[in-house]
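S.K.: Input model-v6.csv, format and content: CSV, C-alpha atoms.
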```csv
chain,number,residue,atom,x,y,z
A,1095,MET,CA,112.2,39.8,-5.2
A,1096,LEU,CA,113.2,42.8,-7.2
A,1097,LEU,CA,116.7,41.7,-8.4
A,1098,LEU,CA,119.6,43.3,-10.2
A,1099,SER,CA,121.5,40.6,-12.1
A,1100,ILE,CA,124.9,41.0,-13.6
A,1101,GLU,CA,126.8,38.9,-16.2
A,1102,THR,CA,130.4,39.3,-17.2
A,1103,SER,CA,131.7,35.7,-17.8
A,1104,CYS,CA,133.1,36.3,-21.3
A,1105,ASP,CA,132.8,39.3,-23.7
A,1106,GLU,CA,129.3,40.7,-22.9
A,1107,THR,CA,128.8,43.2,-20.1
A,1108,ALA,CA,125.2,42.7,-19.1
A,1109,ALA,CA,122.8,43.8,-16.4
A,1110,ALA,CA,119.1,43.3,-15.9
A,1111,VAL,CA,116.3,44.1,-13.4
A,1112,VAL,CA,113.9,41.3,-13.0
A,1113,GLN,CA,110.8,41.0,-10.7
A,1114,GLY,CA,110.0,37.7,-9.0
A,1115,GLY,CA,112.5,35.8,-11.2
A,1116,ARG,CA,110.1,36.0,-14.1
A,1117,THR,CA,109.3,39.5,-15.2
A,1118,ILE,CA,112.0,41.4,-17.1
A,1119,LEU,CA,111.8,45.1,-16.3
A,1120,SER,CA,115.1,45.8,-18.2
A,1121,SER,CA,117.9,44.0,-19.9
A,1122,VAL,CA,121.0,45.7,-21.1
A,1123,ILE,CA,123.9,44.0,-23.0
A,1124,SER,CA,127.1,45.7,-24.1
A,1125,SER,CA,128.9,43.5,-26.6
A,1126,GLN,CA,132.6,43.4,-27.4
A,1127,ILE,CA,132.3,41.5,-30.7
A,1128,ALA,CA,133.6,44.3,-32.8
A,1129,ILE,CA,136.7,44.7,-30.6
A,1130,HIS,CA,137.6,41.0,-30.5
A,1131,ALA,CA,136.8,40.4,-34.2
A,1132,ALA,CA,140.2,41.8,-35.1
A,1133,TYR,CA,141.9,39.0,-33.2
A,1134,GLY,CA,139.7,36.2,-34.4
A,1135,GLY,CA,138.5,35.4,-30.9
A,1136,VAL,CA,138.1,36.7,-27.4
A,1137,VAL,CA,141.3,38.1,-25.8
A,1138,PRO,CA,140.8,37.7,-22.0
A,1139,GLU,CA,142.8,40.8,-20.9
A,1140,ILE,CA,141.0,43.0,-23.4
A,1141,ALA,CA,137.7,41.6,-22.3
A,1142,SER,CA,138.4,42.4,-18.6
A,1143,ARG,CA,139.4,45.9,-19.4
A,1144,LYS,CA,136.3,46.6,-21.4
A,1145,HIS,CA,134.1,45.1,-18.6
A,1146,LEU,CA,135.7,47.6,-16.3
A,1147,GLU,CA,134.8,50.5,-18.6
A,1148,SER,CA,131.3,49.2,-19.2
A,1149,ILE,CA,130.0,47.8,-15.9
A,1150,ALA,CA,128.9,51.1,-14.3
A,1151,PRO,CA,127.1,52.5,-17.4
A,1152,VAL,CA,125.4,49.2,-18.1
A,1153,VAL,CA,124.1,48.8,-14.5
A,1154,SER,CA,122.9,52.5,-14.5
A,1155,GLN,CA,121.2,52.0,-17.8
A,1156,ALA,CA,119.4,48.8,-16.5
A,1157,LEU,CA,118.1,50.7,-13.5
A,1158,HIS,CA,117.0,53.6,-15.7
A,1159,ASP,CA,115.2,51.4,-18.2
A,1160,ALA,CA,113.4,49.6,-15.3
A,1161,GLY,CA,112.3,53.0,-14.0
A,1162,ILE,CA,113.7,52.4,-10.5
A,1163,GLY,CA,116.4,53.7,-8.3
A,1164,ILE,CA,119.1,51.6,-6.7
A,1165,ASP,CA,117.3,51.9,-3.4
A,1166,ALA,CA,114.5,49.8,-4.6
A,1167,LEU,CA,116.6,46.7,-5.2
A,1168,GLU,CA,116.1,43.7,-2.8
A,1169,GLY,CA,119.0,41.5,-4.0
A,1170,VAL,CA,121.7,41.0,-6.5
A,1171,ALA,CA,122.4,37.9,-8.6
A,1172,VAL,CA,125.7,37.6,-10.4
A,1173,THR,CA,127.7,35.1,-12.5
A,1174,ARG,CA,130.3,33.5,-10.3
A,1175,GLY,CA,131.6,31.1,-12.9
A,1176,PRO,CA,132.6,29.4,-15.1
A,1177,GLY,CA,134.2,31.8,-17.4
A,1178,LEU,CA,137.3,34.1,-17.8
A,1179,SER,CA,138.6,34.8,-14.3
A,1180,GLY,CA,139.4,38.5,-14.9
A,1181,ALA,CA,136.0,39.1,-16.6
A,1182,LEU,CA,134.1,37.4,-13.9
A,1183,LEU,CA,135.9,39.4,-11.2
A,1184,VAL,CA,134.5,42.7,-12.7
A,1185,GLY,CA,130.9,41.7,-12.4
A,1186,PHE,CA,131.4,39.9,-9.1
A,1187,SER,CA,133.1,42.8,-7.5
A,1188,ALA,CA,130.4,45.2,-8.7
A,1189,ALA,CA,127.6,42.9,-7.3
A,1190,LYS,CA,129.4,42.7,-3.9
A,1191,ALA,CA,129.8,46.5,-3.7
A,1192,ILE,CA,126.2,47.1,-4.5
A,1193,ALA,CA,125.1,44.5,-2.0
A,1194,VAL,CA,127.2,46.1,0.8
A,1195,ALA,CA,126.3,49.6,-0.1
A,1196,ARG,CA,122.5,48.9,0.0
A,1197,ASN,CA,122.7,46.2,2.7
A,1198,ILE,CA,121.0,43.6,0.5
A,1199,PRO,CA,121.9,40.0,-0.1
A,1200,PHE,CA,123.7,38.7,-3.2
A,1201,VAL,CA,124.2,35.3,-4.6
A,1202,GLY,CA,126.8,33.9,-7.0
A,1203,VAL,CA,125.1,31.9,-9.8
A,1204,HIS,CA,126.5,29.3,-12.2
A,1205,HIS,CA,126.5,30.7,-15.7
A,1206,ILE,CA,125.0,27.5,-17.2
A,1207,GLU,CA,122.2,27.6,-14.6
A,1208,GLY,CA,121.2,30.9,-16.1
A,1209,HIS,CA,120.9,29.3,-19.5
A,1210,LEU,CA,119.0,26.3,-18.1
A,1211,PHE,CA,116.3,28.5,-16.7
A,1212,ALA,CA,116.1,31.2,-19.5
A,1213,PRO,CA,112.9,29.6,-20.8
A,1214,PHE,CA,111.3,30.3,-17.4
A,1215,LEU,CA,111.3,34.0,-18.3
A,1216,GLU,CA,108.7,33.2,-20.9
A,1217,GLN,CA,107.0,30.1,-19.6
A,1218,PRO,CA,108.0,27.9,-16.6
A,1219,VAL,CA,108.9,24.3,-17.3
A,1220,ALA,CA,107.8,21.6,-14.9
A,1221,PHE,CA,110.4,19.4,-13.2
A,1222,PRO,CA,112.0,17.1,-14.0
A,1223,PHE,CA,113.3,17.9,-17.5
A,1224,LEU,CA,116.2,17.2,-19.8
A,1225,ALA,CA,118.4,20.1,-20.9
A,1226,LEU,CA,120.8,20.5,-23.8
A,1227,VAL,CA,123.0,23.5,-23.3
A,1228,VAL,CA,124.9,24.4,-26.4
A,1229,SER,CA,127.2,27.4,-26.6
A,1230,GLY,CA,130.7,28.4,-27.5
A,1231,GLY,CA,132.2,26.8,-24.5
A,1232,HIS,CA,129.6,24.2,-23.5
A,1233,THR,CA,127.8,21.2,-25.0
A,1234,HIS,CA,126.2,19.4,-22.1
A,1235,LEU,CA,123.2,17.3,-21.4
A,1236,TYR,CA,121.7,17.6,-18.0
A,1237,HIS,CA,118.9,15.9,-16.1
A,1238,VAL,CA,117.3,18.7,-14.0
A,1239,GLU,CA,115.2,17.7,-11.0
A,1240,GLY,CA,114.9,21.2,-9.5
A,1241,PHE,CA,117.0,24.3,-8.7
A,1242,GLY,CA,120.4,23.2,-7.7
A,1243,ARG,CA,119.7,19.5,-8.5
A,1244,TYR,CA,121.5,18.6,-11.7
A,1245,THR,CA,123.0,15.4,-13.1
A,1246,THR,CA,125.4,15.6,-16.0
A,1247,LEU,CA,124.5,12.9,-18.5
A,1248,GLY,CA,126.9,13.9,-21.3
A,1249,ARG,CA,129.4,16.6,-22.2
A,1250,THR,CA,131.9,17.6,-24.9
A,1251,ILE,CA,135.3,15.9,-24.6
A,1252,ASP,CA,137.0,18.5,-26.7
A,1253,ASP,CA,135.5,21.4,-28.8
A,1254,ALA,CA,132.0,22.6,-27.9
A,1255,ALA,CA,129.5,22.9,-30.8
A,1256,GLY,CA,129.6,26.7,-30.8
A,1257,GLU,CA,133.4,26.7,-30.8
A,1258,ALA,CA,133.4,24.3,-33.8
A,1259,TYR,CA,131.1,26.7,-35.6
A,1260,ASP,CA,133.3,29.7,-35.1
A,1261,LYS,CA,136.5,27.8,-35.9
A,1262,SER,CA,135.0,26.2,-39.0
A,1263,ALA,CA,133.8,29.7,-40.1
A,1264,LYS,CA,137.4,31.0,-39.7
A,1265,ILE,CA,138.7,28.1,-41.8
A,1266,MET,CA,136.2,29.1,-44.5
A,1267,GLY,CA,137.5,32.7,-44.4
A,1268,MET,CA,134.5,34.2,-42.5
A,1269,PRO,CA,134.8,37.0,-40.0
A,1270,TYR,CA,134.6,36.3,-36.2
A,1271,PRO,CA,132.1,35.2,-34.9
A,1272,GLY,CA,131.1,33.2,-37.9
A,1273,GLY,CA,128.5,30.8,-36.4
A,1274,ALA,CA,125.5,32.9,-37.3
A,1275,LEU,CA,126.8,33.4,-40.8
A,1276,ILE,CA,127.2,29.6,-41.3
A,1277,ASP,CA,123.5,29.2,-40.2
A,1278,ARG,CA,122.4,31.9,-42.7
A,1279,MET,CA,124.4,30.4,-45.6
A,1280,ALA,CA,123.3,26.9,-44.8
A,1281,GLN,CA,119.7,27.8,-45.6
A,1282,SER,CA,120.7,28.2,-49.2
A,1283,GLY,CA,122.9,25.0,-49.4
A,1284,ASP,CA,122.5,21.3,-49.8
A,1285,PRO,CA,123.0,19.5,-46.5
A,1286,ALA,CA,123.8,16.3,-48.4
A,1287,ALA,CA,126.5,17.8,-50.6
A,1288,ILE,CA,129.3,16.7,-48.3
A,1289,ARG,CA,129.3,13.7,-46.0
A,1290,PHE,CA,131.1,15.0,-42.9
A,1291,PRO,CA,131.8,12.6,-40.0
A,1292,ARG,CA,129.5,12.3,-37.0
A,1293,PRO,CA,131.9,12.0,-34.0
A,1294,LEU,CA,130.9,9.6,-31.2
A,1295,LEU,CA,127.5,9.1,-32.8
A,1296,HIS,CA,127.5,5.3,-32.1
A,1297,ASP,CA,129.9,5.0,-29.1
A,1298,GLY,CA,127.1,4.3,-26.7
A,1299,SER,CA,127.7,7.3,-24.5
A,1300,LEU,CA,126.0,10.7,-24.3
A,1301,ASN,CA,129.2,12.6,-24.8
A,1302,PHE,CA,130.1,14.9,-27.7
A,1303,SER,CA,133.2,15.6,-29.8
A,1304,PHE,CA,133.5,18.2,-32.5
A,1305,SER,CA,137.2,18.6,-33.0
A,1306,GLY,CA,137.3,15.9,-35.6
A,1307,LEU,CA,134.5,17.6,-37.6
A,1308,LYS,CA,136.4,20.8,-37.5
A,1309,THR,CA,139.4,19.0,-38.9
A,1310,ALA,CA,137.3,17.5,-41.6
A,1311,VAL,CA,136.2,20.9,-42.7
A,1312,LEU,CA,139.8,22.1,-42.8
A,1313,GLN,CA,140.8,19.1,-45.0
A,1314,HIS,CA,137.9,19.7,-47.3
A,1315,VAL,CA,138.7,23.4,-47.7
A,1316,MET,CA,142.3,22.7,-48.4
A,1317,LYS,CA,141.3,20.3,-51.2
A,1318,ASN,CA,138.3,22.3,-52.4
A,1319,PRO,CA,138.8,26.1,-51.7
A,1320,VAL,CA,135.5,28.0,-51.5
A,1321,THR,CA,134.6,31.5,-52.4
A,1322,ILE,CA,132.1,33.5,-50.2
A,1323,PRO,CA,129.5,34.2,-51.3
A,1324,GLY,CA,129.0,31.2,-53.6
A,1325,GLN,CA,126.9,28.0,-53.8
A,1326,ALA,CA,129.9,25.7,-52.9
A,1327,ALA,CA,130.3,27.7,-49.7
A,1328,ASN,CA,126.6,27.4,-49.0
A,1329,ASP,CA,126.7,23.6,-49.5
A,1330,LEU,CA,129.7,23.4,-47.2
A,1331,CYS,CA,127.9,25.3,-44.5
A,1332,ALA,CA,124.7,23.3,-44.9
A,1333,SER,CA,126.7,20.0,-44.7
A,1334,PHE,CA,128.6,21.1,-41.7
A,1335,GLN,CA,125.5,22.2,-39.9
A,1336,GLU,CA,123.7,19.0,-40.8
A,1337,ALA,CA,126.5,17.0,-39.2
A,1338,VAL,CA,126.4,19.0,-36.0
A,1339,CYS,CA,122.6,19.0,-35.7
A,1340,HIS,CA,122.5,15.3,-36.5
A,1341,VAL,CA,124.8,14.5,-33.5
A,1342,LEU,CA,123.1,16.8,-31.1
A,1343,ALA,CA,119.7,15.4,-32.0
A,1344,ALA,CA,120.8,11.8,-31.8
A,1345,LYS,CA,122.4,12.2,-28.4
A,1346,THR,CA,119.5,14.1,-27.1
A,1347,GLU,CA,117.1,11.4,-28.3
A,1348,ALA,CA,119.1,8.8,-26.6
A,1349,ALA,CA,119.0,10.8,-23.4
A,1350,ILE,CA,115.3,11.2,-23.6
A,1351,ARG,CA,114.8,7.5,-24.0
A,1352,GLN,CA,117.3,6.8,-21.2
A,1353,THR,CA,115.7,9.1,-18.7
A,1354,GLY,CA,112.1,8.7,-19.8
A,1355,THR,CA,111.6,12.5,-19.6
A,1356,SER,CA,108.7,14.2,-21.4
A,1357,ARG,CA,110.2,17.7,-21.3
A,1358,LEU,CA,113.3,19.1,-23.1
A,1359,VAL,CA,115.0,22.5,-22.7
A,1360,VAL,CA,117.4,23.6,-25.4
A,1361,ALA,CA,119.4,26.7,-24.4
A,1362,GLY,CA,122.7,28.5,-24.9
A,1363,GLY,CA,124.0,30.7,-27.7
A,1364,VAL,CA,123.8,27.9,-30.3
A,1365,ALA,CA,120.0,27.5,-29.5
A,1366,CYS,CA,119.6,30.6,-31.8
A,1367,ASN,CA,120.6,28.4,-34.7
A,1368,SER,CA,117.7,27.8,-37.1
A,1369,GLY,CA,118.9,24.3,-38.1
A,1370,LEU,CA,119.1,23.2,-34.5
A,1371,ARG,CA,115.7,24.7,-33.5
A,1372,ASN,CA,114.1,23.0,-36.5
A,1373,ARG,CA,115.7,19.6,-35.8
A,1374,MET,CA,114.7,19.7,-32.1
A,1375,THR,CA,111.2,20.7,-33.0
A,1376,THR,CA,110.9,17.8,-35.3
A,1377,LEU,CA,112.4,15.4,-32.8
A,1378,CYS,CA,110.1,16.4,-30.0
A,1379,THR,CA,107.1,16.2,-32.2
A,1380,GLN,CA,108.0,12.7,-33.2
A,1381,LEU,CA,108.6,11.6,-29.6
A,1382,GLY,CA,105.7,13.5,-28.0
A,1383,VAL,CA,108.1,15.6,-25.8
A,1384,GLU,CA,107.4,19.1,-24.7
A,1385,LEU,CA,110.1,21.4,-26.1
A,1386,SER,CA,111.1,24.8,-24.6
A,1387,ILE,CA,113.6,27.0,-26.4
A,1388,PRO,CA,114.0,30.6,-25.3
A,1389,HIS,CA,113.6,33.5,-27.6
A,1390,PRO,CA,116.9,34.2,-29.4
A,1391,SER,CA,117.4,37.3,-27.3
A,1392,LEU,CA,117.6,35.0,-24.2
A,1393,CYS,CA,119.8,32.4,-25.8
A,1394,GLY,CA,123.1,34.3,-25.8
A,1395,ASP,CA,124.8,35.5,-22.7
A,1396,ASN,CA,122.5,37.9,-20.8
A,1397,ALA,CA,121.9,38.9,-17.2
A,1398,ALA,CA,118.1,38.4,-17.1
A,1399,MET,CA,118.5,34.6,-17.2
A,1400,LEU,CA,120.5,34.7,-13.9
A,1401,ALA,CA,117.6,36.2,-12.0
A,1402,VAL,CA,115.6,33.0,-12.3
A,1403,PRO,CA,117.9,30.8,-10.2
A,1404,GLY,CA,119.0,33.9,-8.3
A,1405,ASP,CA,115.5,34.7,-7.1
A,1406,TYR,CA,115.0,31.1,-6.0
A,1407,TYR,CA,118.2,31.0,-4.0
A,1408,LEU,CA,117.8,34.3,-2.3
A,1409,SER,CA,114.1,33.7,-1.6
A,1410,HIS,CA,115.1,30.4,0.1
A,1411,GLY,CA,117.8,31.9,2.2
A,1412,PHE,CA,120.8,30.9,0.1
A,1413,VAL,CA,123.0,34.0,0.4
A,1414,SER,CA,126.6,34.1,-0.7
A,1415,PRO,CA,129.1,35.5,1.8
A,1416,GLN,CA,131.2,38.5,0.9
A,1417,THR,CA,134.3,36.3,1.2
A,1418,LEU,CA,133.2,34.2,-1.8
A,1419,ASP,CA,135.4,34.4,-4.9
A,1420,VAL,CA,134.8,33.6,-8.6
A,1421,THR,CA,135.7,30.3,-10.1
A,1422,ALA,CA,136.8,29.8,-13.7
A,1423,THR,CA,135.7,26.1,-13.5
A,1424,TRP,CA,132.6,24.9,-11.7
A,1425,ASN,CA,130.9,21.5,-11.9
A,1426,MET,CA,127.2,21.8,-12.1
A,1427,ASP,CA,126.7,18.6,-10.2
A,1428,THR,CA,128.2,20.2,-7.1
A,1429,ILE,CA,126.0,23.3,-7.0
A,1430,LYS,CA,123.6,21.9,-4.4
A,1431,GLU,CA,126.5,21.1,-2.0
A,1432,SER,CA,128.0,24.5,-2.5
A,1433,MET,CA,124.7,26.2,-1.6
A,1434,THR,CA,124.3,24.4,1.7
```
Could the structure of this file be written out as structure tokens, please?
M.R.:
Amino acid sequence: MLLLSIETSCDETAAAVVQGGRTILSSVISSQIAIHAAYGGVVPEIASRKHLESIAPVVSQALHDAGIGIDALEGVAVTRGPGLSGALLVGFSAAKAIAVARNIPFVGVHHIEGHLFAPFLEQPVAFPFLALVVSGGHTHLYHVEGFGRYTTLGRTIDDAAGEAYDKSAKIMGMPYPGGALIDRMAQSGDPAAIRFPRPLLHDGSLNFSFSGLKTAVLQHVMKNPVTIPGQAANDLCASFQEAVCHVLAAKTEAAIRQTGTSRLVVAGGVACNSGLRNRMTTLCTQLGVELSIPHPSLCGDNAAMLAVPGDYYLSHGFVSPQTLDVTATWNMDTIKESMT
């Protein structure tokens, strides 16, 4: 199908046109980072207002870049949740309006489903596979048997990895969002300079916890103030990143051995992180596991990724009713039931 997909779950207004759930004809993303940087994080009300201002121009640009008119669309896929309710409503309402105006079907997609299948836009992955989704709001391990067939193996019990990155960056005095800056500085630092804790590393579960690591960074900085730029700051970033990647890799390895899977997908915004990409590449080489990590442009929030599950659902008759509403929280394990 020729789909328009729309993503407004947080602070990016995104639209894309994708053919057959695989070929990206256009992908437009309007970021609000500069606006929210002044507040040190995303302000939900401001995010919603900016989505309202941006949604029409972004959709128009996506259609223009794809070289098609709105009449050519055969369906619409849109993020239904999870996310910020006000932000979700903007994209969801736009998708419903377009579907009604053009008399075409639309489907509400789980935001994390989009991340799970982002690699399919480059190279399909055979089922079943294990997926580690790491972002500002999510750090989850899933066993994926097919579209809509997910089992959660582990999840964060407090801060997600991406959240820990940004909060730790703020503690170090870096501008928001600081996760990417930590990654860059870590490449010039000594990962063994500071021994940070590895939360839940040996608890026997596949769950994650990063709030204690963030607290450890705070305590270290209070005792040992750092100046940016500087080697001490580089060492701090490298040691922090080593702790995060160590935990993510160890839990993922345990999940691989537990499930016996031979394929791993690593996705989400933190999948852009060079330390994580290197660690997962090494792990999969050692274990003989096929690794799929999308291009960095497909790791962060974008609309193109939604078209992969969106195309599957619409092509198989799973159409969302116009009465459907957004949901700020949505358990991935219940998607199959909600689609039937």
S.K.: Hey, can you check how far atom CA of A:Val1359 sits from atom CA of A:Val1402?
M.R.: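 Atom-to-atom, atom CA of A:Val1359 and atom CA of A:Val1402 are spaced 14.8 Å apart.
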S.K.: So that I can check the surroundings of stretch 1225-1240 of chain A, please list as a ChimeraX atom specification every protein, DNA and RNA residue that reaches within 10 Å of it, counting all atoms listed in the file and ignoring chain neighbours fewer than 6 positions away.
M.R.: /A:1176-1177,1206-1207,1209-1211,1246-1260,1273,1300-1304,1342-1343,1345-1346,1349-1350,1353,1355,1357-1366,1385-1386,1393-1395,1426-1427
S.K.: Each residue of stretch 1168-1217 of chain A lying at most 9 Å from stretch 1114-1136 of chain A should get a row with its shortest atom-to-atom pair and the distance in Å to one decimal, counting only C-alpha atoms; could you produce that, ordered by chain and increasing number, as CSV?
M.R.:
```
residue,atom,partner,partner_atom,distance
A:Phe1214,CA,A:Arg1116,CA,6.7
A:Leu1215,CA,A:Arg1116,CA,4.8
A:Glu1216,CA,A:Arg1116,CA,7.5
A:Gln1217,CA,A:Arg1116,CA,8.6
```
S.K.: Using Å and a single decimal, report how far atom CA of A:Ala1397 sits from atom CA of A:Thr1417.
M.R.: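 Going from atom CA of A:Thr1417 over to atom CA of A:Ala1397 covers 22.3 Å.
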S.K.: With all atoms listed in the file counted and 10 Å as the cut-off, give the residues of stretch 1322-1392 of chain A in contact with stretch 1285-1296 of chain A, each with its shortest interatomic distance in Å and the pair that gives it, as CSV.
M.R.:
```
residue,atom,partner,partner_atom,distance
A:Ala1326,CA,A:Ala1287,CA,8.9
A:Asn1328,CA,A:Pro1285,CA,9.0
A:Asp1329,CA,A:Ala1287,CA,5.9
A:Leu1330,CA,A:Ile1288,CA,6.8
A:Cys1331,CA,A:Pro1285,CA,7.9
A:Ala1332,CA,A:Pro1285,CA,4.5
A:Ser1333,CA,A:Pro1285,CA,4.1
A:Phe1334,CA,A:Phe1290,CA,6.7
A:Gln1335,CA,A:Pro1285,CA,7.6
A:Glu1336,CA,A:Pro1285,CA,5.8
A:Ala1337,CA,A:Arg1292,CA,6.0
A:Val1338,CA,A:Arg1292,CA,7.4
A:Cys1339,CA,A:Arg1292,CA,9.7
A:His1340,CA,A:Arg1292,CA,7.6
A:Val1341,CA,A:Leu1295,CA,6.1
A:Leu1342,CA,A:Leu1295,CA,9.0
A:Ala1344,CA,A:Leu1295,CA,7.3
A:Lys1345,CA,A:Leu1295,CA,7.4
```
S.K.: Measure the distance from atom CA of A:Ser1103 to atom CA of A:Leu1182 in Å and round it to one decimal.
M.R.: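 These two atoms are separated by 4.9 Å.
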S.K.: Could you name the residues that touch A:Gly1324 at 12 Å or less, counting all atoms listed in the file, but leaving out those on the same chain fewer than 6 positions away, as a tab-separated table (two decimals) with C-alpha atoms, keeping the file's coordinate frame?
M.R.:
```
chain	number	residue	atom	x	y	z
A	1266	MET	CA	136.20	29.10	-44.50
A	1279	MET	CA	124.40	30.40	-45.60
A	1280	ALA	CA	123.30	26.90	-44.80
A	1282	SER	CA	120.70	28.20	-49.20
A	1283	GLY	CA	122.90	25.00	-49.40
A	1330	LEU	CA	129.70	23.40	-47.20
A	1331	CYS	CA	127.90	25.30	-44.50
```
S.K.: Counting only C-alpha atoms, find residues at most 9 Å from (121.3, 41.5, -13.4) (file frame) and give them as a PDB file with C-alpha atoms, in the coordinates of the input.
M.R.:
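Full text of result-v3.pdb as output:
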```pdb
ATOM      1  CA  LEU A1097     116.700  41.700  -8.400  1.00  0.00           C
ATOM      2  CA  LEU A1098     119.600  43.300 -10.200  1.00  0.00           C
ATOM      3  CA  SER A1099     121.500  40.600 -12.100  1.00  0.00           C
ATOM      4  CA  ILE A1100     124.900  41.000 -13.600  1.00  0.00           C
ATOM      5  CA  GLU A1101     126.800  38.900 -16.200  1.00  0.00           C
ATOM      6  CA  ALA A1108     125.200  42.700 -19.100  1.00  0.00           C
ATOM      7  CA  ALA A1109     122.800  43.800 -16.400  1.00  0.00           C
ATOM      8  CA  ALA A1110     119.100  43.300 -15.900  1.00  0.00           C
ATOM      9  CA  VAL A1111     116.300  44.100 -13.400  1.00  0.00           C
ATOM     10  CA  VAL A1112     113.900  41.300 -13.000  1.00  0.00           C
ATOM     11  CA  SER A1120     115.100  45.800 -18.200  1.00  0.00           C
ATOM     12  CA  SER A1121     117.900  44.000 -19.900  1.00  0.00           C
ATOM     13  CA  VAL A1122     121.000  45.700 -21.100  1.00  0.00           C
ATOM     14  CA  VAL A1153     124.100  48.800 -14.500  1.00  0.00           C
ATOM     15  CA  ALA A1156     119.400  48.800 -16.500  1.00  0.00           C
ATOM     16  CA  VAL A1170     121.700  41.000  -6.500  1.00  0.00           C
ATOM     17  CA  ALA A1171     122.400  37.900  -8.600  1.00  0.00           C
ATOM     18  CA  VAL A1172     125.700  37.600 -10.400  1.00  0.00           C
ATOM     19  CA  ALA A1189     127.600  42.900  -7.300  1.00  0.00           C
ATOM     20  CA  ASN A1396     122.500  37.900 -20.800  1.00  0.00           C
ATOM     21  CA  ALA A1397     121.900  38.900 -17.200  1.00  0.00           C
ATOM     22  CA  ALA A1398     118.100  38.400 -17.100  1.00  0.00           C
ATOM     23  CA  MET A1399     118.500  34.600 -17.200  1.00  0.00           C
ATOM     24  CA  LEU A1400     120.500  34.700 -13.900  1.00  0.00           C
ATOM     25  CA  ALA A1401     117.600  36.200 -12.000  1.00  0.00           C
TER      26      ALA A1401
END
```
S.K.: List the spatial neighbours of A:Val1315 as a PyMOL selection string - criterion: any atom at most 10 Å away, only C-alpha atoms, same-chain residues fewer than 4 positions off excluded.
M.R.: chain A and resi 1262+1265-1267+1309-1311+1319-1320+1327+1330
S.K.: Under the rule that all atoms listed in the file are counted, which of A:Ala1193, A:Ala1181, A:Leu1096, A:Leu1167 is the nearest residue to A:Val1413?
M.R.: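 Under the stated criterion, the closest residue is A:Ala1193.
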S.K.: Nearest to A:Gly1242 among A:Ser1409, A:Thr1428, A:Ser1368, A:Gln1313, with distances taken over only C-alpha atoms: which residue is it?
M.R.: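 Result for the nearest residue to A:Gly1242: A:Thr1428.
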S.K.: Got a sec: who's within 9 Å of A:Gly1180, counting all atoms listed in the file, leaving out chain neighbours fewer than 5 positions off, as a PyMOL selection string?
M.R.: chain A and resi 1103+1138-1139+1141-1143
